[in-house]
$ cat my_file.cif   # mmCIF, C-alpha atoms
data_upload
loop_
_atom_site.label_atom_id
_atom_site.label_comp_id
_atom_site.auth_asym_id
_atom_site.auth_seq_id
_atom_site.Cartn_x
_atom_site.Cartn_y
_atom_site.Cartn_z
CA MET A 8 -32.69 32.23 -7.79
CA SER A 9 -29.14 32.17 -8.97
CA PHE A 10 -26.07 30.44 -7.72
CA LYS A 11 -24.56 33.83 -6.93
CA GLU A 12 -27.34 34.49 -4.42
CA PHE A 13 -26.58 31.18 -2.74
CA ILE A 14 -22.91 32.12 -2.45
CA LYS A 15 -23.97 35.46 -1.02
CA GLU A 16 -26.22 33.68 1.47
CA LEU A 17 -23.17 31.87 2.88
CA ASN A 18 -22.48 35.20 4.57
CA GLY A 19 -26.07 35.66 5.62
CA ASN A 20 -28.09 34.90 8.72
CA LYS A 21 -30.03 31.90 7.44
CA VAL A 22 -28.80 28.36 8.01
CA GLU A 23 -26.68 28.63 4.86
CA GLY A 24 -24.61 31.21 6.71
CA GLU A 25 -23.71 28.52 9.26
CA LEU A 26 -22.44 25.91 6.79
CA LEU A 27 -18.80 26.99 6.71
CA LYS A 28 -18.71 27.39 10.47
CA THR A 29 -20.03 23.84 10.77
CA ILE A 30 -17.13 22.59 8.63
CA VAL A 31 -14.63 24.44 10.84
CA ILE A 32 -16.17 23.08 14.05
CA SER A 33 -16.29 19.55 12.68
CA LEU A 34 -12.64 19.70 11.61
CA ILE A 35 -11.51 21.08 14.96
CA THR A 36 -13.50 18.42 16.86
CA SER A 37 -12.22 15.56 14.72
CA PHE A 38 -8.58 16.66 14.79
CA LEU A 39 -8.74 17.24 18.54
CA THR A 40 -10.28 13.80 19.02
CA LEU A 41 -7.58 12.24 16.88
CA GLY A 42 -4.89 14.15 18.78
CA ILE A 43 -6.19 13.00 22.15
CA LEU A 44 -6.53 9.39 21.01
CA TYR A 45 -3.06 9.51 19.53
CA TYR A 46 -1.53 10.90 22.71
CA PHE A 47 -3.10 8.30 24.98
CA LYS A 48 -3.33 5.21 22.82
CA LEU A 49 -2.47 5.34 19.15
CA SER A 50 1.13 6.54 19.45
CA SER A 51 2.08 3.11 20.77
CA ILE A 52 0.89 1.43 17.58
CA ASP A 53 3.66 0.74 15.06
CA ASN A 54 3.50 2.83 11.89
CA PHE A 55 0.15 4.32 12.85
CA ILE A 56 0.49 7.52 10.82
CA PRO A 57 2.10 5.95 7.71
CA LYS A 58 -0.43 3.14 7.67
CA TYR A 59 -3.67 4.88 8.56
CA GLY A 60 -2.95 8.63 8.48
CA PHE A 61 -4.00 9.24 4.90
CA PHE A 62 -7.36 7.50 5.17
CA ILE A 63 -8.14 8.95 8.59
CA PHE A 64 -7.37 12.40 7.20
CA LEU A 65 -9.74 11.87 4.28
CA ALA A 66 -12.40 10.45 6.61
CA ILE A 67 -12.19 13.54 8.84
CA LEU A 68 -12.53 15.82 5.81
CA SER A 69 -15.46 13.77 4.54
CA TYR A 70 -17.37 14.01 7.82
CA ALA A 71 -16.71 17.75 7.80
CA ILE A 72 -18.45 18.12 4.43
CA ILE A 73 -21.32 15.77 5.27
CA LEU A 74 -22.35 17.44 8.54
CA PRO A 75 -23.22 20.87 7.05
CA SER A 76 -25.74 19.18 4.74
CA ILE A 77 -27.30 17.41 7.71
CA ARG A 78 -27.46 20.71 9.61
CA GLN A 79 -29.20 22.34 6.67
CA VAL A 80 -31.73 19.50 6.39
CA ARG A 81 -32.44 19.58 10.13
CA ALA A 82 -33.01 23.33 9.99
CA TYR A 83 -36.01 23.03 7.62
CA LYS A 84 -37.27 19.56 8.58
CA GLU A 85 -40.02 19.42 5.94
CA PHE A 86 -39.49 18.85 2.24
CA LEU A 87 -41.55 18.00 -0.80
CA CYS A 88 -41.32 14.38 -1.87
CA MET A 89 -38.83 14.82 -4.69
CA ALA A 90 -36.56 17.07 -2.68
CA GLY A 91 -36.76 14.77 0.34
CA MET A 92 -35.89 11.76 -1.78
CA MET A 93 -32.88 13.59 -3.16
CA VAL A 94 -31.82 14.46 0.38
CA GLY A 95 -32.12 10.86 1.59
CA MET A 96 -30.43 9.45 -1.47
CA THR A 97 -27.56 11.93 -1.60
CA ILE A 98 -26.69 11.80 2.07
CA GLY A 99 -27.13 8.02 2.28
CA MET A 100 -25.09 7.33 -0.83
CA MET A 101 -22.27 9.79 -0.18
CA THR A 102 -21.77 8.92 3.47
CA GLY A 103 -22.03 5.19 2.78
CA PHE A 104 -19.61 5.36 -0.11
CA LEU A 105 -16.98 7.46 1.64
CA ALA A 106 -17.09 5.60 4.95
CA GLY A 107 -17.09 2.25 3.14
CA PHE A 108 -14.19 3.28 0.93
CA TYR A 109 -11.88 4.33 3.77
CA VAL A 110 -12.57 1.36 6.00
CA GLY A 111 -12.54 -0.97 2.99
CA ALA A 112 -9.05 0.29 2.14
CA THR A 113 -7.69 -0.72 5.53
CA ASN A 114 -9.91 -3.57 6.73
CA GLY A 115 -11.17 -5.29 3.60
CA MET A 116 -14.44 -5.57 1.78
CA PHE A 117 -16.60 -7.14 4.46
CA TRP A 118 -15.88 -4.70 7.27
CA GLY A 119 -15.78 -1.75 4.90
CA SER A 120 -19.21 -2.71 3.57
CA VAL A 121 -20.63 -3.22 7.04
CA PHE A 122 -19.37 0.13 8.31
CA GLY A 123 -20.32 1.96 5.11
CA MET A 124 -23.81 0.49 5.16
CA ILE A 125 -24.37 1.31 8.82
CA VAL A 126 -23.26 4.94 8.48
CA GLY A 127 -24.98 5.41 5.11
CA ILE A 128 -28.27 3.83 6.12
CA VAL A 129 -28.47 5.57 9.51
CA LEU A 130 -27.74 9.04 8.11
CA GLY A 131 -29.75 8.43 4.91
CA VAL A 132 -32.84 7.33 6.79
CA TRP A 133 -32.47 10.00 9.42
CA ASN A 134 -32.37 12.79 6.85
CA GLY A 135 -34.69 11.22 4.29
CA LYS A 136 -37.48 10.77 6.84
CA TYR A 137 -38.28 14.50 6.74
CA CYS A 138 -40.30 13.95 3.57
CA GLY A 139 -41.94 10.77 4.79
CA ILE A 140 -41.64 7.13 3.87
CA MET A 141 -40.34 7.76 0.34
CA GLY A 142 -37.31 9.68 1.56
CA LEU A 143 -36.76 7.14 4.30
CA MET A 144 -36.78 4.28 1.79
CA GLU A 145 -34.49 6.21 -0.51
CA GLY A 146 -32.01 6.78 2.32
CA LEU A 147 -32.18 3.12 3.24
CA MET A 148 -31.47 1.91 -0.27
CA ALA A 149 -28.80 4.51 -1.00
CA GLY A 150 -26.94 3.78 2.24
CA PHE A 151 -27.04 0.07 1.51
CA MET A 152 -25.72 0.51 -2.02
CA GLY A 153 -23.18 3.22 -1.21
CA GLY A 154 -21.65 1.24 1.64
CA ILE A 155 -21.02 -1.82 -0.50
CA MET A 156 -19.88 0.23 -3.50
CA GLY A 157 -17.37 2.20 -1.46
CA ALA A 158 -15.73 -0.85 0.09
CA MET A 159 -15.75 -2.73 -3.21
CA THR A 160 -14.11 0.16 -5.05
CA ALA A 161 -11.37 0.37 -2.43
CA VAL A 162 -10.62 -3.35 -2.53
CA MET A 163 -10.58 -3.41 -6.32
CA MET A 164 -8.22 -0.42 -6.37
CA TYR A 165 -5.91 -1.99 -3.80
CA ASN A 166 -3.26 -2.87 -6.37
CA ASP A 167 -3.84 0.27 -8.39
CA ASN A 168 -3.85 3.95 -7.46
CA LEU A 169 -5.85 3.55 -4.28
CA LYS A 170 -4.90 6.83 -2.65
CA ILE A 171 -5.50 8.89 -5.77
CA ALA A 172 -8.85 7.14 -6.20
CA GLY A 173 -9.66 8.13 -2.61
CA VAL A 174 -8.90 11.78 -3.31
CA ILE A 175 -10.92 11.77 -6.55
CA SER A 176 -13.88 10.12 -4.80
CA PHE A 177 -13.68 12.68 -2.01
CA ILE A 178 -13.66 15.61 -4.45
CA ILE A 179 -16.62 14.23 -6.40
CA CYS A 180 -18.64 13.47 -3.26
CA GLY A 181 -17.80 16.94 -1.92
CA THR A 182 -19.07 18.53 -5.12
CA ILE A 183 -22.27 16.49 -4.96
CA LEU A 184 -22.87 17.48 -1.33
CA PHE A 185 -22.26 21.12 -2.20
CA GLY A 186 -24.85 20.68 -4.95
CA LEU A 187 -27.23 19.32 -2.32
CA ASN A 188 -26.68 22.44 -0.21
CA TYR A 189 -27.62 24.56 -3.20
CA MET A 190 -30.66 22.42 -3.97
CA ILE A 191 -31.95 22.68 -0.41
CA TYR A 192 -31.41 26.44 -0.54
CA GLN A 193 -33.50 26.64 -3.70
CA GLU A 194 -36.23 24.37 -2.35
CA THR A 195 -36.57 26.26 0.90
CA LYS A 196 -36.59 29.73 -0.62
CA ASN A 197 -39.93 30.64 0.89
CA VAL A 198 -39.87 28.36 3.90
CA GLU A 199 -39.31 29.48 7.46
CA ARG A 200 -36.54 27.81 9.40
CA LYS A 201 -38.09 25.33 11.82
CA ASN A 202 -35.17 24.28 13.95
CA LYS A 203 -32.46 26.53 15.29
CA GLU A 204 -29.76 24.58 17.04
CA ASP A 205 -26.33 25.23 18.45
CA TYR A 206 -23.21 23.33 17.42
CA TRP A 207 -23.30 20.53 19.99
CA PHE A 208 -24.89 18.24 17.46
CA THR A 209 -22.02 18.82 15.01
CA ILE A 210 -19.45 18.26 17.77
CA LEU A 211 -21.14 15.05 18.90
CA MET A 212 -21.51 13.66 15.39
CA SER A 213 -17.91 14.51 14.46
CA PHE A 214 -16.67 12.88 17.65
CA VAL A 215 -18.71 9.70 17.22
CA LEU A 216 -17.89 9.26 13.53
CA THR A 217 -14.18 9.95 14.01
CA VAL A 218 -13.84 7.60 16.98
CA ALA A 219 -15.81 4.84 15.25
CA THR A 220 -13.73 5.13 12.08
CA ILE A 221 -10.38 5.19 13.88
CA TRP A 222 -11.34 2.35 16.20
CA LEU A 223 -12.48 0.16 13.34
CA MET A 224 -9.47 0.97 11.15
CA VAL A 225 -6.87 0.44 13.83
CA LEU A 226 -8.27 -1.99 16.36
CA GLY A 227 -11.26 -3.49 14.60
CA PRO A 228 -11.56 -6.82 12.82
CA ARG A 229 -10.12 -7.32 9.34
CA SER A 230 -10.89 -9.49 6.39
CA VAL A 231 -8.36 -12.30 5.98
CA LEU A 232 -6.54 -10.64 3.10
CA PHE A 233 -5.76 -7.57 5.21
CA GLN A 234 -4.37 -9.36 8.26
CA MET B 22 -13.65 40.86 6.55
CA GLU B 23 -16.55 38.69 5.41
CA LYS B 24 -17.66 35.59 7.29
CA THR B 25 -16.92 33.28 4.37
CA THR B 26 -13.36 34.59 4.10
CA ILE B 27 -12.66 34.01 7.79
CA TYR B 28 -14.11 30.49 7.76
CA GLY B 29 -12.47 29.77 4.40
CA ILE B 30 -9.07 30.65 5.84
CA GLY B 31 -9.84 28.55 8.92
CA ILE B 32 -10.79 25.51 6.83
CA PHE B 33 -7.69 25.90 4.67
CA LEU B 34 -5.39 26.14 7.68
CA LEU B 35 -6.97 23.13 9.39
CA ILE B 36 -6.64 21.03 6.24
CA VAL B 37 -3.02 22.06 5.68
CA ILE B 38 -1.99 21.44 9.30
CA GLY B 39 -3.93 18.17 9.56
CA GLY B 40 -2.62 17.02 6.20
CA TYR B 41 0.95 17.85 7.18
CA PHE B 42 0.81 15.57 10.19
CA LEU B 43 -1.29 12.79 8.72
CA ILE B 44 -0.01 12.55 5.16
CA GLY B 45 3.53 13.90 5.56
CA SER B 46 5.14 10.60 6.42
CA SER B 47 2.64 8.41 4.67
CA GLU B 48 3.96 5.32 2.96
CA ASN B 49 2.37 2.97 0.50
CA ILE B 50 -0.21 0.88 2.34
CA ASN B 51 0.23 -1.95 -0.15
CA GLU B 52 2.80 -4.07 1.58
CA ASN B 53 4.26 -7.08 -0.17
CA VAL B 54 3.16 -10.29 1.40
CA VAL B 55 5.53 -12.99 0.26
CA ASP B 56 6.14 -16.33 1.87
CA SER B 57 9.77 -17.18 1.27
CA GLY B 58 10.24 -19.94 3.74
CA ASN B 59 11.26 -22.65 1.29
CA SER B 60 14.08 -21.94 -1.14
CA GLY B 61 14.96 -25.51 -2.10
CA ASP B 62 13.68 -27.63 -4.98
CA PHE B 63 10.30 -26.43 -6.18
CA GLN B 64 7.79 -26.52 -9.02
CA LYS B 65 7.59 -23.12 -10.60
CA VAL B 66 4.18 -21.93 -11.75
CA THR B 67 3.57 -18.57 -13.43
CA ILE B 68 0.02 -17.50 -14.15
CA GLY B 69 -1.00 -14.75 -16.57
CA MET B 70 -4.30 -13.20 -17.54
CA LYS B 71 -6.37 -13.73 -20.68
CA ASN B 72 -10.03 -13.05 -21.52
CA TYR B 73 -10.60 -11.54 -18.06
CA ASN B 74 -9.51 -14.69 -16.28
CA TYR B 75 -6.34 -16.39 -15.11
CA TYR B 76 -4.40 -18.12 -17.86
CA PRO B 77 -3.70 -20.99 -17.72
CA ASN B 78 -6.57 -21.67 -15.40
CA ILE B 79 -5.92 -25.39 -15.07
CA ILE B 80 -2.60 -26.20 -13.43
CA ASN B 81 -1.13 -29.61 -12.65
CA VAL B 82 1.37 -30.04 -9.83
CA GLU B 83 2.86 -32.95 -7.93
CA ALA B 84 1.82 -33.71 -4.37
CA GLY B 85 4.48 -33.41 -1.69
CA LYS B 86 6.66 -31.08 -3.76
CA THR B 87 6.83 -27.37 -3.04
CA VAL B 88 5.08 -25.09 -5.52
CA ARG B 89 6.38 -21.57 -6.14
CA LEU B 90 3.57 -19.61 -7.75
CA SER B 91 3.79 -16.10 -9.17
CA LEU B 92 1.63 -13.86 -11.34
CA ASP B 93 3.12 -12.22 -14.41
CA SER B 94 2.74 -8.56 -15.38
CA SER B 95 -0.43 -9.15 -17.40
CA VAL B 96 -2.33 -9.83 -14.17
CA SER B 97 -3.89 -6.70 -12.73
CA GLY B 98 -6.37 -5.36 -10.18
CA CYS B 99 -7.88 -7.68 -7.63
CA PHE B 100 -6.56 -10.67 -9.62
CA ARG B 101 -3.25 -10.10 -7.85
CA ASP B 102 -4.87 -11.04 -4.53
CA PHE B 103 -4.39 -14.74 -5.02
CA THR B 104 -6.29 -17.28 -2.95
CA ILE B 105 -6.67 -21.04 -2.70
CA ARG B 106 -9.27 -21.31 0.02
CA GLU B 107 -9.06 -25.08 0.59
CA LEU B 108 -5.30 -24.87 1.16
CA GLY B 109 -5.59 -21.77 3.33
CA ILE B 110 -3.55 -19.64 0.93
CA ARG B 111 -4.28 -15.94 0.62
CA LYS B 112 -1.46 -13.77 -0.62
CA TYR B 113 -1.21 -10.39 -2.22
CA LEU B 114 1.35 -10.71 -5.03
CA ARG B 115 1.98 -7.11 -5.89
CA THR B 116 4.67 -7.51 -8.55
CA PRO B 117 5.69 -10.32 -10.94
CA SER B 118 8.71 -11.03 -8.72
CA ASP B 119 6.54 -11.72 -5.67
CA TYR B 120 5.56 -15.31 -5.15
CA VAL B 121 3.83 -17.64 -2.78
CA GLU B 122 5.22 -21.03 -1.82
CA PHE B 123 3.20 -23.92 -0.54
CA THR B 124 3.41 -27.69 -0.46
CA PRO B 125 0.21 -29.55 -1.35
CA THR B 126 0.33 -32.88 0.41
CA LYS B 127 -3.03 -34.36 -0.54
CA PRO B 128 -3.82 -35.19 -4.18
CA GLY B 129 -7.04 -33.67 -5.42
CA THR B 130 -8.59 -30.74 -7.22
CA TYR B 131 -8.52 -27.31 -5.66
CA ARG B 132 -10.12 -24.14 -6.88
CA PHE B 133 -8.05 -20.95 -6.94
CA ALA B 134 -9.42 -17.45 -7.34
CA CYS B 135 -8.74 -13.80 -6.76
CA SER B 136 -9.89 -12.40 -3.45
CA MET B 137 -13.17 -11.20 -4.96
CA GLY B 138 -13.85 -14.40 -6.88
CA MET B 139 -13.78 -12.66 -10.25
CA GLY B 140 -11.01 -14.80 -11.72
CA THR B 141 -10.98 -18.53 -11.06
CA GLY B 142 -9.07 -21.68 -12.00
CA THR B 143 -8.28 -25.20 -10.92
CA LEU B 144 -5.17 -26.58 -9.31
CA ILE B 145 -4.85 -30.32 -9.84
CA VAL B 146 -2.57 -32.04 -7.35
CA GLU B 147 -1.46 -35.49 -8.58
#
$ encode --input "my_file.cif" --output "structure tokens"
Amino acid sequence: MSFKEFIKELNGNKVEGELLKTIVISLITSFLTLGILYYFKLSSIDNFIPKYGFFIFLAILSYAIILPSIRQVRAYKEFLCMAGMMVGMTIGMMTGFLAGFYVGATNGMFWGSVFGMIVGIVLGVWNGKYCGIMGLMEGLMAGFMGGIMGAMTAVMMYNDNLKIAGVISFIICGTILFGLNYMIYQETKNVERKNKEDYWFTILMSFVLTVATIWLMVLGPRSVLFQ
Amino acid sequence: MEKTTIYGIGIFLLIVIGGYFLIGSSENINENVVDSGNSGDFQKVTIGMKNYNYYPNIINVEAGKTVRLSLDSSVSGCFRDFTIRELGIRKYLRTPSDYVEFTPTKPGTYRFACSMGMGTGTLIVE
């Protein structure tokens, strides 16, 4: 099974054919949510866009590339141990790292780590569980590590090229998640899709993640250094 | 037109439009935090970096006299987030011209460090 076939399948009728649509729906949901919040609340905050705009933008893009992987995992639901562990680890680590990085850049190491760990562990465990306890454990550990790593990287880059580091991290994580999509496609070559769902899940997840990130960045607690 | 092309264009447009509004007027998030309340007589202390730690890492100052502390250009990374926890000092000294001023009133030994505790030293107030 070649990579070309996977690219071709992005146009097909399997779950891979829904990945790009999921990105579009996630982006629309997140930007709409941000727009509504900005209109009613955030516009009254001084320097909201200059201060937080860049990291909120990257967070929205990150959630948009994480959710297609989750959709693909939920479509098949059952994986062999190795594949399931990769799923749990990749999703836990990438989500934890990215979420931790963005919140760490605005709120400091403690709150960045806490948020990164929560998001990474929840999504890592949730997706890793489809192969049993090994995937679940892998998601748990990866979320824990990714959350702390993301926030720590952001704080250590604070006096350096923080924004460029954010973009580089995003590109690398995006490439890894795309690799996960391809891996799942290969692993599920002969497997029937077990769960066909509409896009409400994507909309809900995008909404919750965007609101939580914005709330924490703008109104949430900060480490002393960031006050 | 293929599905991937349509969604690809959609994703591109959303990113460009979102980026325009959110990054367009972005400024550097690293704001200087400098306490410049006292401009009178002061003890000037400049700390550098050597062997992955602050240098000098033992500093003597007089009690009751204002200290103006800055970090030279050799100090990098999180070492520029300067803290003396026991005196309640936490300042981000972005450039060598940024400084923090404080007046230690009680003689004693205080530990200073970067915000992550990777570089440490001792401030001796006599």
$ residues_around --input "my_file.cif" --residues "A:Lys136" --least-positions-apart "4" --cutoff "9 Å" --atoms "only C-alpha atoms" --output "PyMOL selection string"
chain A and resi 84+91-92+95+131-132+140-144+146
$ interface_residues --input "my_file.cif" --of "chain A" --to "chain B" --cutoff "6 Å" --atoms "only C-alpha atoms" --output "VMD selection string"
chain A and resid 18 27 31 56 to 58 60 to 61 163 166
$ atom_distance --input "my_file.cif" --atom1 "atom CA of B:Leu144" --atom2 "atom CA of A:Val162"
24.8 Å
$ resolve_selection --input "my_file.cif" --expression "the PyMOL selection byres ((chain B and resi 79) around 10)" --output "list of chain:residue names"
B:Ile68, B:Tyr75, B:Tyr76, B:Pro77, B:Asn78, B:Ile80, B:Asn81, B:Thr130, B:Tyr131, B:Arg132, B:Phe133, B:Thr141, B:Gly142, B:Thr143, B:Leu144, B:Ile145
$ resolve_selection --input "my_file.cif" --expression "the PyMOL selection byres ((chain A and resi 39) around 12)" --output "PyMOL selection string"
(chain A and resi 32-38+40-46+67+210+213-214+217-218) or (chain B and resi 35+39)
$ closest_residue --input "my_file.cif" --among "B:Leu108, B:Val146, B:Met22, B:Met139" --to "B:Gln64" --atoms "all atoms listed in the file"
B:Val146
$ atom_distance --input "my_file.cif" --atom1 "atom CA of B:Thr124" --atom2 "atom CA of B:Val96"
23.2 Å
$ resolve_selection --input "my_file.cif" --expression "the PyMOL selection byres ((chain A and resi 117-126) around 8)" --output "PyMOL selection string"
chain A and resi 99+102-112+114-116+127-130+150-159+228-230
$ residues_around --input "my_file.cif" --residues "B:Ser91" --least-positions-apart "6" --cutoff "7 Å" --atoms "only C-alpha atoms" --output "list in words"
Val66, Thr67, Ile68, Pro117, Asp119, Tyr120 and Val121 of chain B
$ closest_residue --input "my_file.cif" --among "A:Ser50, A:Pro75, A:Glu25, A:Ser9" --to "A:Leu184" --atoms "all atoms listed in the file"
A:Pro75
$ atom_distance --input "my_file.cif" --atom1 "atom CA of A:Leu187" --atom2 "atom CA of A:Ala90"
9.6 Å
$ residues_around --input "my_file.cif" --residues "A:Lys201" --least-positions-apart "5" --cutoff "12 Å" --atoms "all atoms listed in the file" --output "compact mmCIF listing (two decimals) with C-alpha atoms, in the coordinates of the input"
# COMPACT_ATOMS: atom_id res chain seq x y z
CA LYS A 21 -30.03 31.90 7.44
CA VAL A 22 -28.80 28.36 8.01
CA ARG A 78 -27.46 20.71 9.61
CA GLN A 79 -29.20 22.34 6.67
CA VAL A 80 -31.73 19.50 6.39
CA ARG A 81 -32.44 19.58 10.13
CA ALA A 82 -33.01 23.33 9.99
CA TYR A 83 -36.01 23.03 7.62
CA LYS A 84 -37.27 19.56 8.58
CA GLU A 85 -40.02 19.42 5.94
CA PHE A 86 -39.49 18.85 2.24
CA TYR A 137 -38.28 14.50 6.74
CA THR A 195 -36.57 26.26 0.90
$ closest_residue --input "my_file.cif" --among "B:Lys71, B:Lys127, B:Gly85, B:Lys65" --to "B:Glu107" --atoms "only C-alpha atoms"
B:Lys127
$ closest_residue --input "my_file.cif" --among "A:Met164, A:Met96, A:Ala66, A:Cys180" --to "A:Asn134" --atoms "only C-alpha atoms"
A:Met96
$ decode --input "my_file.cif" --residues "stretch 207-220 of chain A" --atoms "N, CA and C atoms" --output "PDB file, in the first residue's frame"
ATOM      1  N   TRP A 207     -20.922  16.565  14.525  1.00  0.00           N
ATOM      2  CA  TRP A 207     -21.217  17.246  15.783  1.00  0.00           C
ATOM      3  C   TRP A 207     -20.096  17.058  16.803  1.00  0.00           C
ATOM      4  N   PHE A 208     -19.498  15.887  16.743  1.00  0.00           N
ATOM      5  CA  PHE A 208     -18.390  15.620  17.660  1.00  0.00           C
ATOM      6  C   PHE A 208     -17.234  16.597  17.404  1.00  0.00           C
ATOM      7  N   THR A 209     -16.908  16.797  16.141  1.00  0.00           N
ATOM      8  CA  THR A 209     -15.830  17.733  15.771  1.00  0.00           C
ATOM      9  C   THR A 209     -16.177  19.149  16.228  1.00  0.00           C
ATOM     10  N   ILE A 210     -17.429  19.536  15.981  1.00  0.00           N
ATOM     11  CA  ILE A 210     -17.869  20.886  16.368  1.00  0.00           C
ATOM     12  C   ILE A 210     -17.764  21.063  17.883  1.00  0.00           C
ATOM     13  N   LEU A 211     -18.243  20.066  18.613  1.00  0.00           N
ATOM     14  CA  LEU A 211     -18.222  20.141  20.079  1.00  0.00           C
ATOM     15  C   LEU A 211     -16.784  20.208  20.608  1.00  0.00           C
ATOM     16  N   MET A 212     -15.941  19.332  20.088  1.00  0.00           N
ATOM     17  CA  MET A 212     -14.551  19.305  20.558  1.00  0.00           C
ATOM     18  C   MET A 212     -13.827  20.614  20.234  1.00  0.00           C
ATOM     19  N   SER A 213     -14.036  21.115  19.024  1.00  0.00           N
ATOM     20  CA  SER A 213     -13.392  22.380  18.634  1.00  0.00           C
ATOM     21  C   SER A 213     -13.848  23.501  19.555  1.00  0.00           C
ATOM     22  N   PHE A 214     -15.147  23.529  19.814  1.00  0.00           N
ATOM     23  CA  PHE A 214     -15.720  24.570  20.669  1.00  0.00           C
ATOM     24  C   PHE A 214     -15.128  24.494  22.086  1.00  0.00           C
ATOM     25  N   VAL A 215     -15.135  23.309  22.656  1.00  0.00           N
ATOM     26  CA  VAL A 215     -14.665  23.143  24.035  1.00  0.00           C
ATOM     27  C   VAL A 215     -13.173  23.491  24.141  1.00  0.00           C
ATOM     28  N   LEU A 216     -12.377  22.967  23.233  1.00  0.00           N
ATOM     29  CA  LEU A 216     -10.932  23.218  23.296  1.00  0.00           C
ATOM     30  C   LEU A 216     -10.605  24.698  23.078  1.00  0.00           C
ATOM     31  N   THR A 217     -11.293  25.315  22.127  1.00  0.00           N
ATOM     32  CA  THR A 217     -11.036  26.740  21.855  1.00  0.00           C
ATOM     33  C   THR A 217     -11.433  27.605  23.046  1.00  0.00           C
ATOM     34  N   VAL A 218     -12.618  27.358  23.587  1.00  0.00           N
ATOM     35  CA  VAL A 218     -13.079  28.162  24.727  1.00  0.00           C
ATOM     36  C   VAL A 218     -12.152  27.967  25.929  1.00  0.00           C
ATOM     37  N   ALA A 219     -11.783  26.714  26.191  1.00  0.00           N
ATOM     38  CA  ALA A 219     -10.909  26.445  27.349  1.00  0.00           C
ATOM     39  C   ALA A 219      -9.562  27.147  27.179  1.00  0.00           C
ATOM     40  N   THR A 220      -9.016  27.078  25.983  1.00  0.00           N
ATOM     41  CA  THR A 220      -7.701  27.697  25.738  1.00  0.00           C
ATOM     42  C   THR A 220      -7.782  29.218  25.891  1.00  0.00           C
TER      43      THR A 220
END
